[in-house]
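S.K.: Have a peek at run_21.txt (compact mmCIF, C-alpha atoms).
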# COMPACT_ATOMS: atom_id res chain seq x y z
CA MET V 162 67.39 90.41 32.26
CA ALA V 163 64.49 91.24 34.68
CA PRO V 164 65.28 92.29 38.25
CA ILE V 165 64.63 89.66 40.91
CA PHE V 166 62.84 92.12 43.19
CA SER V 167 60.64 94.91 42.00
CA PRO V 168 61.32 98.35 43.47
CA LEU V 169 59.23 99.47 46.43
CA GLY V 170 55.84 100.75 45.41
CA ALA V 171 56.00 99.11 41.97
CA GLY V 172 53.92 96.14 40.90
CA ASP V 173 50.84 94.67 42.57
CA PRO V 174 49.57 96.92 45.44
CA GLN V 175 48.24 93.82 47.32
CA GLN V 176 51.67 92.22 47.38
CA PRO V 177 53.97 93.13 50.29
CA PRO V 178 57.01 95.08 49.09
CA TYR V 179 59.58 92.55 50.35
CA MET V 180 58.20 89.54 48.42
CA PRO V 181 59.21 88.45 44.94
CA PRO V 182 56.46 88.88 42.33
CA GLY V 183 54.02 85.96 42.10
CA GLN V 184 54.56 84.68 45.69
CA ALA V 185 52.17 86.97 47.55
CA GLN V 186 49.38 84.38 47.45
CA ASN V 187 51.50 81.68 49.15
CA GLN V 188 52.74 83.62 52.18
CA ALA V 189 51.11 85.63 54.96
CA PRO V 190 51.48 89.41 54.73
CA TYR V 191 54.12 90.89 57.00
CA GLN V 192 51.65 92.99 59.00
CA GLY V 193 49.50 89.95 59.80
CA MET V 194 52.54 88.09 61.09
CA GLN V 195 53.51 91.09 63.17
CA GLN V 196 50.04 91.22 64.74
CA GLN V 197 50.15 87.51 65.54
CA MET V 198 53.52 87.87 67.23
CA ALA V 199 52.41 90.92 69.22
CA SER V 200 49.79 89.00 71.20
CA PRO V 201 51.33 86.39 73.53
CA PRO V 202 50.17 82.80 73.09
CA MET V 203 47.55 81.75 75.61
CA ASN V 204 47.33 78.35 77.27
CA PRO V 205 43.59 77.57 77.37
CA GLY V 206 44.07 75.28 80.37
CA MET V 207 45.23 78.27 82.41
CA LEU V 208 42.04 80.24 81.90
CA LYS V 209 38.39 79.84 82.55
CA THR V 210 36.16 81.81 80.25
CA ARG V 211 32.88 83.58 80.44
CA GLY V 212 31.32 84.01 77.03
CA GLY V 213 34.54 84.48 75.07
CA SER V 214 35.71 82.36 72.18
CA VAL V 215 38.62 80.93 74.19
CA GLU V 216 37.61 77.85 76.12
CA GLY V 217 39.10 76.74 79.43
CA ALA V 218 39.15 73.38 81.08
CA PRO V 219 36.26 71.04 80.22
CA GLY V 220 33.27 71.80 82.39
CA ALA V 221 34.48 75.30 83.26
CA PRO V 222 31.77 77.94 83.68
CA THR V 223 31.19 80.37 80.82
CA GLY V 224 30.32 84.08 80.87
CA ASP V 225 31.77 87.27 79.43
CA THR V 226 35.05 87.77 81.30
CA ILE V 227 38.27 85.79 81.40
CA GLN V 228 39.64 85.22 84.89
CA PRO V 229 42.71 83.28 86.07
CA LEU V 230 42.01 79.94 87.72
CA GLN V 231 42.26 79.87 91.49
CA SER V 232 43.96 77.00 93.28
CA ILE V 233 41.96 74.65 95.47
CA PRO V 234 42.83 74.99 99.16
CA ALA V 235 44.56 71.90 100.52
CA GLU V 236 41.86 71.42 103.17
CA LYS V 237 39.25 70.70 100.52
CA ILE V 238 41.20 67.85 98.92
CA THR V 239 40.07 64.63 100.53
CA MET V 240 42.46 61.72 100.64
CA LYS V 241 41.60 58.09 101.15
CA PRO V 242 42.51 56.83 104.59
CA ILE V 243 45.40 54.42 105.04
CA PRO V 244 43.89 50.96 105.57
CA ASP V 245 43.75 50.07 109.27
CA GLU V 246 46.10 47.10 108.88
CA HIS V 247 48.82 49.44 107.54
CA LEU V 248 48.40 52.34 110.00
CA VAL V 249 51.06 50.69 112.15
CA LEU V 250 53.57 51.43 109.38
CA LYS V 251 52.81 55.15 109.38
CA ASN V 252 52.65 55.39 113.16
CA THR V 253 55.92 53.50 113.66
CA PHE V 254 57.89 55.40 111.00
CA GLU V 255 56.61 58.78 112.19
CA GLY V 256 57.24 57.82 115.83
CA LEU V 257 60.80 56.79 115.01
CA ILE V 258 61.43 60.07 113.20
CA HIS V 259 60.14 62.02 116.20
CA LYS V 260 62.37 60.03 118.58
CA CYS V 261 65.34 60.75 116.32
CA LEU V 262 64.47 64.45 116.12
CA ALA V 263 64.32 64.63 119.92
CA ALA V 264 67.73 62.97 120.24
CA ALA V 265 69.47 64.77 117.36
CA THR V 266 71.64 67.72 118.28
CA ASP V 267 73.08 68.92 114.97
CA PRO V 268 70.97 70.93 112.50
CA GLN V 269 71.97 68.81 109.48
CA THR V 270 70.58 65.63 111.05
CA LYS V 271 67.38 67.44 112.01
CA ARG V 272 66.99 68.71 108.42
CA LYS V 273 67.48 65.18 107.06
CA LEU V 274 64.84 63.84 109.42
CA ASP V 275 62.37 66.64 108.62
CA ASP V 276 62.88 65.96 104.93
CA ALA V 277 62.41 62.23 105.50
CA ASN V 278 59.16 62.87 107.32
CA LYS V 279 57.84 64.82 104.31
CA ARG V 280 59.11 62.34 101.74
CA LEU V 281 57.47 59.39 103.48
CA GLU V 282 54.17 60.81 102.20
CA ALA V 283 54.99 58.92 98.98
CA LEU V 284 54.79 55.67 100.96
CA TYR V 285 51.57 56.71 102.69
CA ASP V 286 50.03 57.61 99.32
CA LYS V 287 50.89 54.15 97.97
CA LEU V 288 49.34 52.59 101.07
CA ARG V 289 46.17 54.68 100.58
CA GLU V 290 45.94 53.67 96.94
CA GLN V 291 46.88 50.07 97.75
CA THR V 292 49.43 49.96 94.92
CA LEU V 293 52.29 48.20 96.71
CA SER V 294 52.95 44.53 96.09
CA PRO V 295 52.27 42.08 98.94
CA ALA V 296 56.01 41.29 99.19
CA ILE V 297 56.88 44.94 99.83
CA ILE V 298 54.07 45.39 102.32
CA GLY V 299 55.14 42.22 104.15
CA GLY V 300 58.72 43.46 104.25
CA LEU V 301 57.63 46.84 105.63
CA HIS V 302 55.66 45.12 108.38
CA ASN V 303 58.73 43.01 109.23
CA MET V 304 60.80 46.21 109.40
CA VAL V 305 58.27 47.69 111.83
CA GLN V 306 58.54 44.64 114.10
CA CYS V 307 62.32 45.12 114.19
CA ILE V 308 61.94 48.85 114.86
CA GLU V 309 59.60 48.15 117.76
CA SER V 310 62.26 45.92 119.32
CA ARG V 311 64.96 48.50 118.47
CA SER V 312 66.72 46.04 116.11
CA TYR V 313 67.69 48.71 113.59
CA VAL V 314 70.47 46.65 112.01
CA GLU V 315 68.00 43.79 111.34
CA SER V 316 65.50 46.32 109.98
CA LEU V 317 68.22 47.63 107.63
CA ASN V 318 68.86 44.05 106.47
CA ILE V 319 65.15 43.65 105.64
CA HIS V 320 65.29 47.02 103.88
CA THR V 321 68.19 45.77 101.73
CA HIS V 322 66.28 42.60 100.88
CA ILE V 323 63.16 44.57 99.84
CA VAL V 324 65.18 46.95 97.65
CA SER V 325 67.16 44.16 95.97
CA SER V 326 64.15 41.95 95.28
CA SER V 327 61.52 44.47 94.17
CA ASN V 328 60.81 46.75 91.25
CA PHE V 329 62.89 49.90 91.74
CA SER V 330 60.15 52.19 90.42
CA GLU V 331 57.76 50.82 93.04
CA THR V 332 60.06 51.65 95.98
CA SER V 333 62.38 54.44 94.85
CA ALA V 334 60.20 57.23 96.26
CA PHE V 335 60.37 56.04 99.88
CA MET V 336 62.93 53.28 100.51
CA PRO V 337 66.00 55.57 100.41
CA VAL V 338 64.28 57.79 102.98
CA LEU V 339 63.56 54.83 105.24
CA LYS V 340 67.23 53.87 105.08
CA VAL V 341 68.20 57.38 106.24
CA VAL V 342 65.76 57.14 109.17
CA LEU V 343 66.92 53.66 110.19
CA THR V 344 70.58 54.65 109.93
CA GLN V 345 69.98 57.74 112.07
CA ALA V 346 67.98 55.75 114.63
CA ASN V 347 70.83 53.24 114.92
CA LYS V 348 73.42 56.02 115.16
CA LEU V 349 71.44 57.98 117.78
CA GLY V 350 70.53 54.84 119.76
CA VAL V 351 66.88 55.83 120.22
When written as structure tokens, how does the structure in this file appear?
M.R.:
Amino acid sequence: MAPIFSPLGAGDPQQPPYMPPGQAQNQAPYQGMQQQMASPPMNPGMLKTRGGSVEGAPGAPTGDTIQPLQSIPAEKITMKPIPDEHLVLKNTFEGLIHKCLAAATDPQTKRKLDDANKRLEALYDKLREQTLSPAIIGGLHNMVQCIESRSYVESLNIHTHIVSSSNFSETSAFMPVLKVVLTQANKLGV
């Protein structure tokens, strides 16, 4: 009976010593695999190239050195303005948060309000992009009227109606935050 493996150094010199005879053509040599594993995989989207064979993002400049991408400063990103008819929403919600912050005494409430102020950017983005349904926009305007007359409980009722009658994915980024703000405003009596 023939041995399954040939002894080291015996047989075909092109065949790696750990492979059974006749299978060298079907598998990559061990050293080649080792070289491939030694160099870390590169994500082409993370690099811009200059003359190399690795390409970066489409439209990236080319040359002979590879450099990491630099981030764009926030000042250079231009955002669409909120339409004039909806600026009252932003101004009222931000004004209410500032009134609550001025009246709040405990750090936890202040943190909640600071967080709410940041998270309302999701609403402002939807207003800029004009992606909210007319029913939601109408409800938000009704909430603002109640806020202006300090009817926070009525504003919370409108909030509940909007949430229960609209698509959750359309409102989930900002309606919970508005509820926190309205609840705090009612609690603080601002």
S.K.: Fewer than 4 positions away in the same chain doesn't count, so skip those; otherwise give me all residues within 10 Å of Leu293 of chain V, counting all atoms listed in the file, as a list in words.
M.R.: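 Residues near the query, excluding close chain neighbours: Leu284, Lys287, Leu288, Arg289, Ile297, Ile298, Gly299, Glu331 and Thr332 of chain V.
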S.K.: Which residues come within 10 Å of Leu248 of chain V, counting only C-alpha atoms, excluding same-chain residues fewer than 4 positions away, as a VMD selection string?
M.R.: chain V and resid 242 to 244 252 to 253 285 288 to 289
S.K.: Of the candidates V:Cys261, V:Lys340, V:Asn278, V:Asn347, which shows the shortest atom-to-atom distance to Ser312 of chain V, using all atoms listed in the file?
M.R.: V:Asn347
S.K.: Any idea what the distance is between atom CA of His259 of chain V and atom CA of Ile323 of chain V?
M.R.: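 So the answer is 24.1 Å.
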S.K.: As an exercise, work out the distance from atom CA of Val324 of chain V to atom CA of Gly256 of chain V in Å and give it to one decimal place.
M.R.: 22.6 Å
S.K.: Hey, can you check how far atom CA of Ser330 of chain V sits from atom CA of Lys251 of chain V?
M.R.: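 Between these atoms lies a distance of 20.5 Å.
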S.K.: Would you please work out which residue, of V:Gln306, V:Thr266, V:Ser294, V:Thr239, is nearest to Phe254 of chain V when using all atoms listed in the file?
M.R.: V:Gln306
